file structure-v8.cif (mmCIF, N, CA and C atoms)
data_start
#
loop_
_atom_site.label_atom_id
_atom_site.label_comp_id
_atom_site.auth_asym_id
_atom_site.auth_seq_id
_atom_site.Cartn_x
_atom_site.Cartn_y
_atom_site.Cartn_z
N MET A 1 12.81 118.08 86.90
CA MET A 1 12.30 116.80 86.48
C MET A 1 11.23 116.32 87.45
N ASP A 2 10.23 115.72 86.91
CA ASP A 2 9.15 115.15 87.71
C ASP A 2 9.27 113.64 87.66
N SER A 3 9.56 113.02 88.80
CA SER A 3 9.79 111.57 88.82
C SER A 3 8.56 110.79 88.35
N LYS A 4 7.38 111.36 88.53
CA LYS A 4 6.16 110.66 88.11
C LYS A 4 6.02 110.61 86.59
N LYS A 5 6.73 111.46 85.88
CA LYS A 5 6.67 111.47 84.42
C LYS A 5 7.79 110.63 83.79
N LEU A 6 8.76 110.20 84.59
CA LEU A 6 9.86 109.39 84.07
C LEU A 6 9.48 107.92 84.14
N LEU A 7 9.59 107.24 83.02
CA LEU A 7 9.25 105.82 82.96
C LEU A 7 10.44 105.03 82.45
N THR A 8 10.71 103.89 83.08
CA THR A 8 11.72 102.98 82.55
C THR A 8 11.13 101.59 82.53
N GLU A 9 11.72 100.71 81.76
CA GLU A 9 11.24 99.34 81.70
C GLU A 9 11.68 98.53 82.91
N SER A 10 12.79 98.91 83.52
CA SER A 10 13.37 98.09 84.58
C SER A 10 13.15 98.62 85.99
N SER A 11 12.69 99.88 86.14
CA SER A 11 12.58 100.42 87.49
C SER A 11 11.45 101.42 87.61
N THR A 12 11.07 101.65 88.87
CA THR A 12 10.20 102.77 89.18
C THR A 12 11.10 103.87 89.74
N ILE A 13 10.60 105.09 89.76
CA ILE A 13 11.38 106.21 90.28
C ILE A 13 10.58 106.89 91.37
N GLN A 14 11.24 107.14 92.52
CA GLN A 14 10.57 107.72 93.68
C GLN A 14 11.29 108.97 94.15
N ASP A 15 10.52 109.90 94.68
CA ASP A 15 11.12 111.07 95.34
C ASP A 15 11.43 110.69 96.78
N GLU A 16 12.67 110.97 97.20
CA GLU A 16 13.09 110.66 98.56
C GLU A 16 14.00 111.76 99.08
N CYS A 17 14.47 111.60 100.31
CA CYS A 17 15.45 112.51 100.90
C CYS A 17 16.77 111.77 101.06
N LEU A 18 17.83 112.41 100.63
CA LEU A 18 19.18 111.88 100.82
C LEU A 18 19.78 112.57 102.03
N PHE A 19 20.18 111.79 103.00
CA PHE A 19 20.88 112.30 104.19
C PHE A 19 22.36 112.00 104.03
N ARG A 20 23.19 112.97 104.36
CA ARG A 20 24.64 112.77 104.48
C ARG A 20 25.01 113.27 105.88
N VAL A 21 25.62 112.39 106.67
CA VAL A 21 25.95 112.71 108.05
C VAL A 21 27.44 112.48 108.27
N GLN A 22 28.13 113.50 108.78
CA GLN A 22 29.55 113.36 109.12
C GLN A 22 29.64 112.90 110.57
N ILE A 23 30.40 111.80 110.76
CA ILE A 23 30.44 111.14 112.07
C ILE A 23 31.88 110.75 112.38
N PRO A 24 32.37 111.03 113.61
CA PRO A 24 33.69 110.52 113.97
C PRO A 24 33.74 109.00 113.72
N ALA A 25 34.85 108.54 113.14
CA ALA A 25 34.95 107.15 112.68
C ALA A 25 34.57 106.13 113.74
N ASN A 26 34.94 106.35 114.99
CA ASN A 26 34.66 105.39 116.06
C ASN A 26 33.20 105.37 116.49
N ASP A 27 32.40 106.33 116.02
CA ASP A 27 31.01 106.45 116.48
C ASP A 27 29.98 106.10 115.40
N VAL A 28 30.43 105.67 114.23
CA VAL A 28 29.50 105.41 113.13
C VAL A 28 28.49 104.33 113.50
N SER A 29 28.92 103.23 114.09
CA SER A 29 28.01 102.13 114.41
C SER A 29 26.89 102.57 115.34
N GLN A 30 27.21 103.34 116.38
CA GLN A 30 26.17 103.75 117.32
C GLN A 30 25.18 104.70 116.67
N VAL A 31 25.63 105.58 115.79
CA VAL A 31 24.72 106.50 115.12
C VAL A 31 23.84 105.73 114.14
N LEU A 32 24.42 104.80 113.37
CA LEU A 32 23.61 103.99 112.45
C LEU A 32 22.57 103.15 113.19
N GLN A 33 22.94 102.60 114.33
CA GLN A 33 21.99 101.82 115.13
C GLN A 33 20.82 102.70 115.57
N ALA A 34 21.11 103.92 115.97
CA ALA A 34 20.05 104.84 116.39
C ALA A 34 19.13 105.17 115.22
N ILE A 35 19.70 105.36 114.04
CA ILE A 35 18.88 105.66 112.85
C ILE A 35 17.99 104.47 112.50
N VAL A 36 18.58 103.27 112.50
CA VAL A 36 17.83 102.07 112.15
C VAL A 36 16.74 101.77 113.20
N SER A 37 16.90 102.28 114.41
CA SER A 37 15.86 102.06 115.42
C SER A 37 14.59 102.87 115.13
N VAL A 38 14.69 103.90 114.27
CA VAL A 38 13.51 104.69 113.94
C VAL A 38 13.02 104.48 112.50
N THR A 39 13.88 103.96 111.63
CA THR A 39 13.47 103.64 110.24
C THR A 39 14.39 102.54 109.73
N PRO A 40 13.87 101.59 108.97
CA PRO A 40 14.69 100.44 108.56
C PRO A 40 15.71 100.72 107.45
N LEU A 41 15.72 101.92 106.88
CA LEU A 41 16.60 102.24 105.75
C LEU A 41 16.39 101.22 104.63
N ARG A 42 15.14 101.09 104.22
CA ARG A 42 14.79 100.15 103.14
C ARG A 42 15.15 100.74 101.79
N TYR A 43 15.60 99.86 100.92
CA TYR A 43 15.86 100.20 99.51
C TYR A 43 15.44 98.97 98.74
N GLY A 44 14.22 98.99 98.19
CA GLY A 44 13.69 97.81 97.52
C GLY A 44 13.49 96.69 98.52
N ASN A 45 14.03 95.53 98.22
CA ASN A 45 13.90 94.36 99.10
C ASN A 45 15.07 94.23 100.07
N TYR A 46 15.69 95.35 100.42
CA TYR A 46 16.84 95.35 101.32
C TYR A 46 16.61 96.35 102.44
N GLU A 47 17.20 96.07 103.61
CA GLU A 47 17.14 96.98 104.75
C GLU A 47 18.54 97.39 105.16
N GLN A 48 18.61 98.43 105.99
CA GLN A 48 19.86 98.95 106.54
C GLN A 48 20.84 99.31 105.43
N VAL A 49 20.31 99.91 104.37
CA VAL A 49 21.12 100.28 103.21
C VAL A 49 21.70 101.68 103.45
N ALA A 50 23.00 101.74 103.55
CA ALA A 50 23.71 103.00 103.75
C ALA A 50 25.07 102.90 103.08
N PHE A 51 25.65 104.04 102.77
CA PHE A 51 26.98 104.09 102.18
C PHE A 51 27.88 104.83 103.15
N ARG A 52 29.07 104.29 103.37
CA ARG A 52 30.02 104.89 104.30
C ARG A 52 31.29 105.23 103.54
N CYS A 53 31.60 106.50 103.50
CA CYS A 53 32.83 106.97 102.89
C CYS A 53 33.83 107.18 104.03
N ARG A 54 34.90 106.42 104.02
CA ARG A 54 35.82 106.40 105.16
C ARG A 54 36.99 107.35 104.99
N GLY A 55 37.50 107.78 106.12
CA GLY A 55 38.80 108.42 106.17
C GLY A 55 38.87 109.90 105.88
N GLY A 56 37.80 110.64 106.09
CA GLY A 56 37.87 112.09 105.94
C GLY A 56 38.35 112.74 107.23
N ILE A 57 38.67 113.97 107.12
CA ILE A 57 39.05 114.76 108.30
C ILE A 57 38.04 115.89 108.46
N GLN A 58 37.32 115.87 109.55
CA GLN A 58 36.39 116.96 109.84
C GLN A 58 37.13 117.96 110.71
N GLN A 59 36.91 119.24 110.43
CA GLN A 59 37.54 120.26 111.27
C GLN A 59 36.48 121.23 111.75
N TYR A 60 36.74 121.80 112.93
CA TYR A 60 35.87 122.83 113.48
C TYR A 60 36.62 123.59 114.57
N LYS A 61 36.19 124.81 114.80
CA LYS A 61 36.78 125.67 115.84
C LYS A 61 35.64 126.06 116.77
N PRO A 62 35.60 125.49 117.98
CA PRO A 62 34.53 125.82 118.92
C PRO A 62 34.55 127.32 119.26
N LEU A 63 33.36 127.87 119.31
CA LEU A 63 33.20 129.28 119.65
C LEU A 63 32.62 129.42 121.04
N ALA A 64 32.66 130.63 121.57
CA ALA A 64 32.04 130.90 122.87
C ALA A 64 30.57 130.51 122.77
N GLY A 65 30.04 129.85 123.77
CA GLY A 65 28.66 129.39 123.76
C GLY A 65 28.53 127.93 123.38
N SER A 66 29.59 127.34 122.81
CA SER A 66 29.55 125.90 122.51
C SER A 66 29.77 125.13 123.80
N LYS A 67 29.49 123.82 123.75
CA LYS A 67 29.62 122.98 124.94
C LYS A 67 31.03 123.04 125.53
N THR A 68 32.05 123.06 124.65
CA THR A 68 33.43 123.08 125.14
C THR A 68 33.95 124.49 125.38
N GLY A 69 33.22 125.47 124.91
CA GLY A 69 33.70 126.85 125.02
C GLY A 69 34.70 127.14 123.92
N GLU A 70 35.13 128.36 123.84
CA GLU A 70 36.05 128.78 122.78
C GLU A 70 37.35 127.97 122.87
N ALA A 71 37.79 127.47 121.71
CA ALA A 71 38.99 126.62 121.70
C ALA A 71 39.67 126.74 120.35
N GLU A 72 40.82 126.08 120.25
CA GLU A 72 41.58 126.05 119.00
C GLU A 72 40.89 125.16 117.96
N LEU A 73 41.37 125.26 116.74
CA LEU A 73 40.85 124.45 115.63
C LEU A 73 41.09 122.97 115.94
N VAL A 74 40.06 122.15 115.72
CA VAL A 74 40.10 120.71 116.00
C VAL A 74 39.99 119.95 114.68
N HIS A 75 40.77 118.87 114.55
CA HIS A 75 40.69 117.98 113.40
C HIS A 75 40.38 116.58 113.92
N ILE A 76 39.35 115.94 113.34
CA ILE A 76 38.92 114.61 113.79
C ILE A 76 38.75 113.70 112.58
N LEU A 77 39.30 112.48 112.67
CA LEU A 77 39.10 111.47 111.64
C LEU A 77 37.61 111.12 111.62
N SER A 78 36.96 111.37 110.49
CA SER A 78 35.51 111.18 110.39
C SER A 78 35.15 110.46 109.10
N ASP A 79 33.97 109.85 109.12
CA ASP A 79 33.40 109.21 107.95
C ASP A 79 32.12 109.95 107.59
N GLU A 80 31.73 109.84 106.33
CA GLU A 80 30.44 110.38 105.94
C GLU A 80 29.54 109.21 105.57
N VAL A 81 28.38 109.16 106.19
CA VAL A 81 27.41 108.10 105.95
C VAL A 81 26.24 108.72 105.20
N SER A 82 25.83 108.06 104.11
CA SER A 82 24.69 108.55 103.36
C SER A 82 23.65 107.45 103.20
N PHE A 83 22.39 107.87 103.13
CA PHE A 83 21.27 106.94 102.98
C PHE A 83 20.06 107.74 102.52
N THR A 84 19.06 107.03 102.00
CA THR A 84 17.84 107.70 101.60
C THR A 84 16.68 107.22 102.46
N ILE A 85 15.72 108.11 102.63
CA ILE A 85 14.49 107.77 103.36
C ILE A 85 13.31 108.39 102.62
N PRO A 86 12.11 107.87 102.85
CA PRO A 86 10.93 108.47 102.23
C PRO A 86 10.74 109.92 102.68
N LYS A 87 10.11 110.70 101.83
CA LYS A 87 9.85 112.11 102.13
C LYS A 87 8.58 112.23 102.97
N HIS A 88 8.69 111.85 104.24
CA HIS A 88 7.60 111.97 105.20
C HIS A 88 8.14 112.74 106.40
N ASP A 89 7.47 113.81 106.76
CA ASP A 89 7.96 114.69 107.82
C ASP A 89 8.28 113.94 109.11
N GLU A 90 7.41 112.99 109.50
CA GLU A 90 7.63 112.29 110.77
C GLU A 90 8.87 111.40 110.72
N ILE A 91 9.16 110.81 109.57
CA ILE A 91 10.38 109.99 109.45
C ILE A 91 11.61 110.89 109.43
N ILE A 92 11.55 111.97 108.68
CA ILE A 92 12.68 112.90 108.60
C ILE A 92 13.03 113.44 109.98
N THR A 93 12.03 113.90 110.73
CA THR A 93 12.32 114.46 112.06
C THR A 93 12.81 113.39 113.02
N ALA A 94 12.28 112.16 112.90
CA ALA A 94 12.74 111.06 113.77
C ALA A 94 14.21 110.75 113.50
N VAL A 95 14.61 110.75 112.23
CA VAL A 95 16.02 110.48 111.87
C VAL A 95 16.91 111.60 112.41
N ILE A 96 16.50 112.84 112.23
CA ILE A 96 17.30 113.97 112.74
C ILE A 96 17.47 113.85 114.24
N ASP A 97 16.38 113.58 114.96
CA ASP A 97 16.47 113.42 116.42
C ASP A 97 17.38 112.26 116.80
N ALA A 98 17.29 111.14 116.07
CA ALA A 98 18.14 109.98 116.36
C ALA A 98 19.61 110.33 116.19
N VAL A 99 19.93 111.09 115.15
CA VAL A 99 21.33 111.51 114.95
C VAL A 99 21.77 112.41 116.09
N PHE A 100 20.97 113.42 116.42
CA PHE A 100 21.36 114.35 117.49
C PHE A 100 21.54 113.62 118.83
N GLN A 101 20.69 112.64 119.12
CA GLN A 101 20.78 111.93 120.40
C GLN A 101 21.95 110.96 120.47
N SER A 102 22.39 110.43 119.32
CA SER A 102 23.43 109.40 119.34
C SER A 102 24.81 109.92 118.92
N HIS A 103 24.86 111.05 118.30
CA HIS A 103 26.11 111.61 117.78
C HIS A 103 26.90 112.24 118.93
N PRO A 104 28.21 112.07 118.97
CA PRO A 104 28.99 112.61 120.08
C PRO A 104 29.14 114.14 120.05
N HIS A 105 28.91 114.76 118.90
CA HIS A 105 29.08 116.21 118.82
C HIS A 105 27.78 116.93 119.15
N GLU A 106 27.92 118.08 119.72
CA GLU A 106 26.79 118.93 120.06
C GLU A 106 26.05 119.40 118.80
N GLU A 107 26.79 119.65 117.73
CA GLU A 107 26.24 120.18 116.48
C GLU A 107 26.67 119.29 115.32
N PRO A 108 26.04 118.10 115.16
CA PRO A 108 26.44 117.22 114.06
C PRO A 108 26.12 117.84 112.71
N VAL A 109 26.96 117.53 111.72
CA VAL A 109 26.71 117.99 110.35
C VAL A 109 25.77 116.99 109.69
N ILE A 110 24.57 117.46 109.36
CA ILE A 110 23.55 116.65 108.70
C ILE A 110 23.12 117.44 107.46
N LEU A 111 23.34 116.87 106.30
CA LEU A 111 22.95 117.50 105.05
C LEU A 111 21.80 116.70 104.45
N ILE A 112 20.74 117.40 104.03
CA ILE A 112 19.55 116.73 103.52
C ILE A 112 19.20 117.32 102.15
N GLN A 113 19.00 116.44 101.17
CA GLN A 113 18.67 116.87 99.82
C GLN A 113 17.47 116.09 99.30
N ASP A 114 16.67 116.74 98.46
CA ASP A 114 15.63 116.04 97.71
C ASP A 114 16.30 115.32 96.55
N VAL A 115 15.99 114.03 96.39
CA VAL A 115 16.57 113.25 95.30
C VAL A 115 15.52 112.33 94.70
N MET A 116 15.82 111.81 93.52
CA MET A 116 15.01 110.77 92.90
C MET A 116 15.80 109.48 92.99
N CYS A 117 15.13 108.39 93.36
CA CYS A 117 15.78 107.08 93.50
C CYS A 117 15.06 106.06 92.64
N THR A 118 15.81 105.11 92.11
CA THR A 118 15.22 104.02 91.35
C THR A 118 14.95 102.83 92.25
N ARG A 119 13.94 102.06 91.89
CA ARG A 119 13.64 100.78 92.54
C ARG A 119 13.37 99.77 91.42
N PHE A 120 14.05 98.65 91.48
CA PHE A 120 13.92 97.59 90.48
C PHE A 120 12.48 97.09 90.44
N LYS A 121 11.97 96.89 89.26
CA LYS A 121 10.63 96.30 89.09
C LYS A 121 10.79 94.79 89.20
N TYR A 122 10.56 94.24 90.39
CA TYR A 122 10.71 92.80 90.58
C TYR A 122 9.75 92.06 89.67
N GLY A 123 10.20 90.95 89.15
CA GLY A 123 9.43 90.20 88.18
C GLY A 123 9.88 90.51 86.75
N GLN A 124 10.58 91.60 86.58
CA GLN A 124 11.14 91.96 85.27
C GLN A 124 12.53 91.36 85.18
N LYS A 125 12.92 90.93 84.01
CA LYS A 125 14.30 90.49 83.89
C LYS A 125 15.17 91.71 83.62
N LYS A 126 16.40 91.64 84.08
CA LYS A 126 17.31 92.75 83.86
C LYS A 126 17.56 92.93 82.38
N LEU A 127 17.55 94.16 81.95
CA LEU A 127 17.73 94.48 80.55
C LEU A 127 19.17 94.89 80.28
N ARG A 128 19.63 94.63 79.09
CA ARG A 128 20.94 95.14 78.69
C ARG A 128 20.80 96.61 78.37
N ALA A 129 21.88 97.33 78.54
CA ALA A 129 21.84 98.76 78.24
C ALA A 129 21.46 98.97 76.78
N PRO A 130 20.53 99.89 76.55
CA PRO A 130 20.16 100.15 75.15
C PRO A 130 21.26 100.86 74.40
N LYS A 131 21.24 100.72 73.09
CA LYS A 131 22.20 101.45 72.27
C LYS A 131 21.84 102.93 72.32
N ALA A 132 22.85 103.75 72.26
CA ALA A 132 22.64 105.20 72.35
C ALA A 132 21.66 105.69 71.31
N LYS A 133 20.73 106.53 71.74
CA LYS A 133 19.75 107.11 70.84
C LYS A 133 20.02 108.59 70.60
N PHE A 134 20.96 109.15 71.32
CA PHE A 134 21.17 110.59 71.28
C PHE A 134 22.39 110.95 70.46
#
call {"tool": "encode", "arguments": {"input": "structure-v8.cif", "output": "structure tokens"}}
result
Amino acid sequence: MDSKKLLTESSTIQDECLFRVQIPANDVSQVLQAIVSVTPLRYGNYEQVAFRCRGGIQQYKPLAGSKTGEAELVHILSDEVSFTIPKHDEIITAVIDAVFQSHPHEEPVILIQDVMCTRFKYGQKKLRAPKAKF
């Protein structure tokens, strides 16, 4: 799909990057602060827009060469934080660096996907869902 060819009456559609970052639950605020220090996480007329999925368990087994050295399997209460940013190389690399510098783990899990996002056309009134055409 090409976002530039998709038209709606109520929104525009933009190509962006979706970040999903797994973070130990106690460290989410410091990592989000670091991210917001390099980009405002804007979504339309809002800033610091992120979604936090709470209460997951992240597991890993450190190998030789890791900061802690070879060790047993570790389980940590973690949250996954997701947000979108514009597809600009300098913003993407700044966010990655901010996560690496603020995250307590040597090798944070950062997943990045190309996505399409909607933005409300301000000045338009909200429309009711159309009746099914298909």
call {"tool": "closest_residue", "arguments": {"input": "structure-v8.cif", "among": "A:His103, A:Lys133, A:Arg119, A:Lys87", "to": "A:Glu16", "atoms": "all atoms listed in the file"}}
result
A:Lys87
call {"tool": "resolve_selection", "arguments": {"input": "structure-v8.cif", "expression": "the PyMOL selection byres (((chain A and resi 25-41 and name CA) around 6) and name CA)", "output": "JSON, numbers by chain"}}
result
{"A": [23, 24, 42, 47, 48, 49, 78, 79, 95, 98, 102, 103]}
call {"tool": "closest_residue", "arguments": {"input": "structure-v8.cif", "among": "A:Ile91, A:Tyr60, A:Glu107, A:Ser3", "to": "A:Asp15", "atoms": "all atoms listed in the file"}}
result
A:Ser3
call {"tool": "axis_aligned_box", "arguments": {"input": "structure-v8.cif", "around": "stretch 6-21 of chain A", "padding_each_side": "3 Å", "output": "JSON"}}
result
{"center_x": 18.1, "center_y": 105.7, "center_z": 95.0, "size_x": 24.7, "size_y": 21.2, "size_z": 32.6}
call {"tool": "closest_residue", "arguments": {"input": "structure-v8.cif", "among": "A:Leu73, A:Leu18, A:Ile57, A:Ala50", "to": "A:Asp114", "atoms": "all atoms listed in the file"}}
result
A:Leu18
call {"tool": "resolve_selection", "arguments": {"input": "structure-v8.cif", "expression": "the PyMOL selection byres ((chain A and resi 13) around 6.5)", "output": "NGL selection string"}}
result
:A and (3-4 or 6 or 11-12 or 14-15 or 116-119)
call {"tool": "select_by_dssp", "arguments": {"input": "structure-v8.cif", "residues": "chain A", "states": "strand (DSSP E)", "output": "PyMOL selection string"}}
result
chain A and resi 11-24+51-60+74-86+109-120
call {"tool": "residues_near_point", "arguments": {"input": "structure-v8.cif", "point": "(28.1, 113.1, 104.6)", "cutoff": "6 Å", "atoms": "all atoms listed in the file", "output": "list in words"}}
result
Phe19, Arg20, Val21, Gln22, Asp79, Glu80, Val81 and Ser82 of chain A
call {"tool": "atom_distance", "arguments": {"input": "structure-v8.cif", "atom1": "atom N of A:Thr84", "atom2": "atom CA of A:Gln59"}}
result
24.5 Å
call {"tool": "atom_distance", "arguments": {"input": "structure-v8.cif", "atom1": "atom C of A:Arg52", "atom2": "atom C of A:His105"}}
result
19.8 Å
call {"tool": "select_by_dssp", "arguments": {"input": "structure-v8.cif", "residues": "stretch 24-133 of chain A", "states": "helix (DSSP H, G or I)", "output": "list in words"}}
result
Ala25, Asn26, Asp27, Val28, Ser29, Gln30, Val31, Leu32, Gln33, Ala34, Ile35, Val36, Asp89, Glu90, Ile91, Ile92, Thr93, Ala94, Val95, Ile96, Asp97, Ala98, Val99, Phe100, Gln101 and Ser102 of chain A
call {"tool": "closest_residue", "arguments": {"input": "structure-v8.cif", "among": "A:Gly44, A:Pro62, A:Gly55, A:Pro108", "to": "A:Ile76", "atoms": "all atoms listed in the file"}}
result
A:Gly55
call {"tool": "atom_distance", "arguments": {"input": "structure-v8.cif", "atom1": "atom CA of A:Pro86", "atom2": "atom CA of A:Lys5"}}
result
18.6 Å
call {"tool": "closest_residue", "arguments": {"input": "structure-v8.cif", "among": "A:Ile92, A:Gly65, A:Phe83, A:Glu9", "to": "A:Phe51", "atoms": "only C-alpha atoms"}}
result
A:Phe83
call {"tool": "decode", "arguments": {"input": "structure-v8.cif", "residues": "stretch 55-92 of chain A", "atoms": "C-alpha atoms", "output": "PDB file, in the first residue's frame"}}
result
ATOM      1  CA  GLY A  55       3.618  -6.722  33.193  1.00  0.00           C
ATOM      2  CA  GLY A  56       5.564  -8.864  30.745  1.00  0.00           C
ATOM      3  CA  ILE A  57       8.453 -11.080  31.648  1.00  0.00           C
ATOM      4  CA  GLN A  58      11.621 -10.645  29.626  1.00  0.00           C
ATOM      5  CA  GLN A  59      14.085 -13.513  29.703  1.00  0.00           C
ATOM      6  CA  TYR A  60      17.679 -13.847  28.574  1.00  0.00           C
ATOM      7  CA  LYS A  61      20.733 -16.008  29.213  1.00  0.00           C
ATOM      8  CA  PRO A  62      23.984 -14.023  29.257  1.00  0.00           C
ATOM      9  CA  LEU A  63      26.722 -15.543  27.144  1.00  0.00           C
ATOM     10  CA  ALA A  64      30.495 -15.297  27.360  1.00  0.00           C
ATOM     11  CA  GLY A  65      31.487 -11.826  26.170  1.00  0.00           C
ATOM     12  CA  SER A  66      28.449 -10.103  27.696  1.00  0.00           C
ATOM     13  CA  LYS A  67      28.922  -7.482  30.412  1.00  0.00           C
ATOM     14  CA  THR A  68      27.974  -9.972  33.151  1.00  0.00           C
ATOM     15  CA  GLY A  69      29.690 -12.933  31.548  1.00  0.00           C
ATOM     16  CA  GLU A  70      28.131 -16.341  31.093  1.00  0.00           C
ATOM     17  CA  ALA A  71      25.280 -16.888  33.546  1.00  0.00           C
ATOM     18  CA  GLU A  72      22.014 -18.714  34.142  1.00  0.00           C
ATOM     19  CA  LEU A  73      18.707 -17.785  32.516  1.00  0.00           C
ATOM     20  CA  VAL A  74      17.357 -14.477  33.890  1.00  0.00           C
ATOM     21  CA  HIS A  75      13.695 -13.410  34.128  1.00  0.00           C
ATOM     22  CA  ILE A  76      12.859  -9.714  34.633  1.00  0.00           C
ATOM     23  CA  LEU A  77       9.484  -7.980  35.011  1.00  0.00           C
ATOM     24  CA  SER A  78       9.424  -5.719  31.946  1.00  0.00           C
ATOM     25  CA  ASP A  79       7.103  -3.436  30.027  1.00  0.00           C
ATOM     26  CA  GLU A  80       6.967  -2.816  26.310  1.00  0.00           C
ATOM     27  CA  VAL A  81       6.757   0.808  25.231  1.00  0.00           C
ATOM     28  CA  SER A  82       5.718   1.678  21.696  1.00  0.00           C
ATOM     29  CA  PHE A  83       5.643   4.984  19.830  1.00  0.00           C
ATOM     30  CA  THR A  84       5.962   6.346  16.321  1.00  0.00           C
ATOM     31  CA  ILE A  85       8.436   8.825  14.907  1.00  0.00           C
ATOM     32  CA  PRO A  86       8.963  10.369  11.471  1.00  0.00           C
ATOM     33  CA  LYS A  87      11.043   8.365   9.001  1.00  0.00           C
ATOM     34  CA  HIS A  88      14.149  10.576   9.166  1.00  0.00           C
ATOM     35  CA  ASP A  89      17.523   8.910   9.619  1.00  0.00           C
ATOM     36  CA  GLU A  90      18.801  11.508  12.099  1.00  0.00           C
ATOM     37  CA  ILE A  91      15.731  11.152  14.349  1.00  0.00           C
ATOM     38  CA  ILE A  92      15.808   7.342  14.173  1.00  0.00           C
TER      39      ILE A  92
END
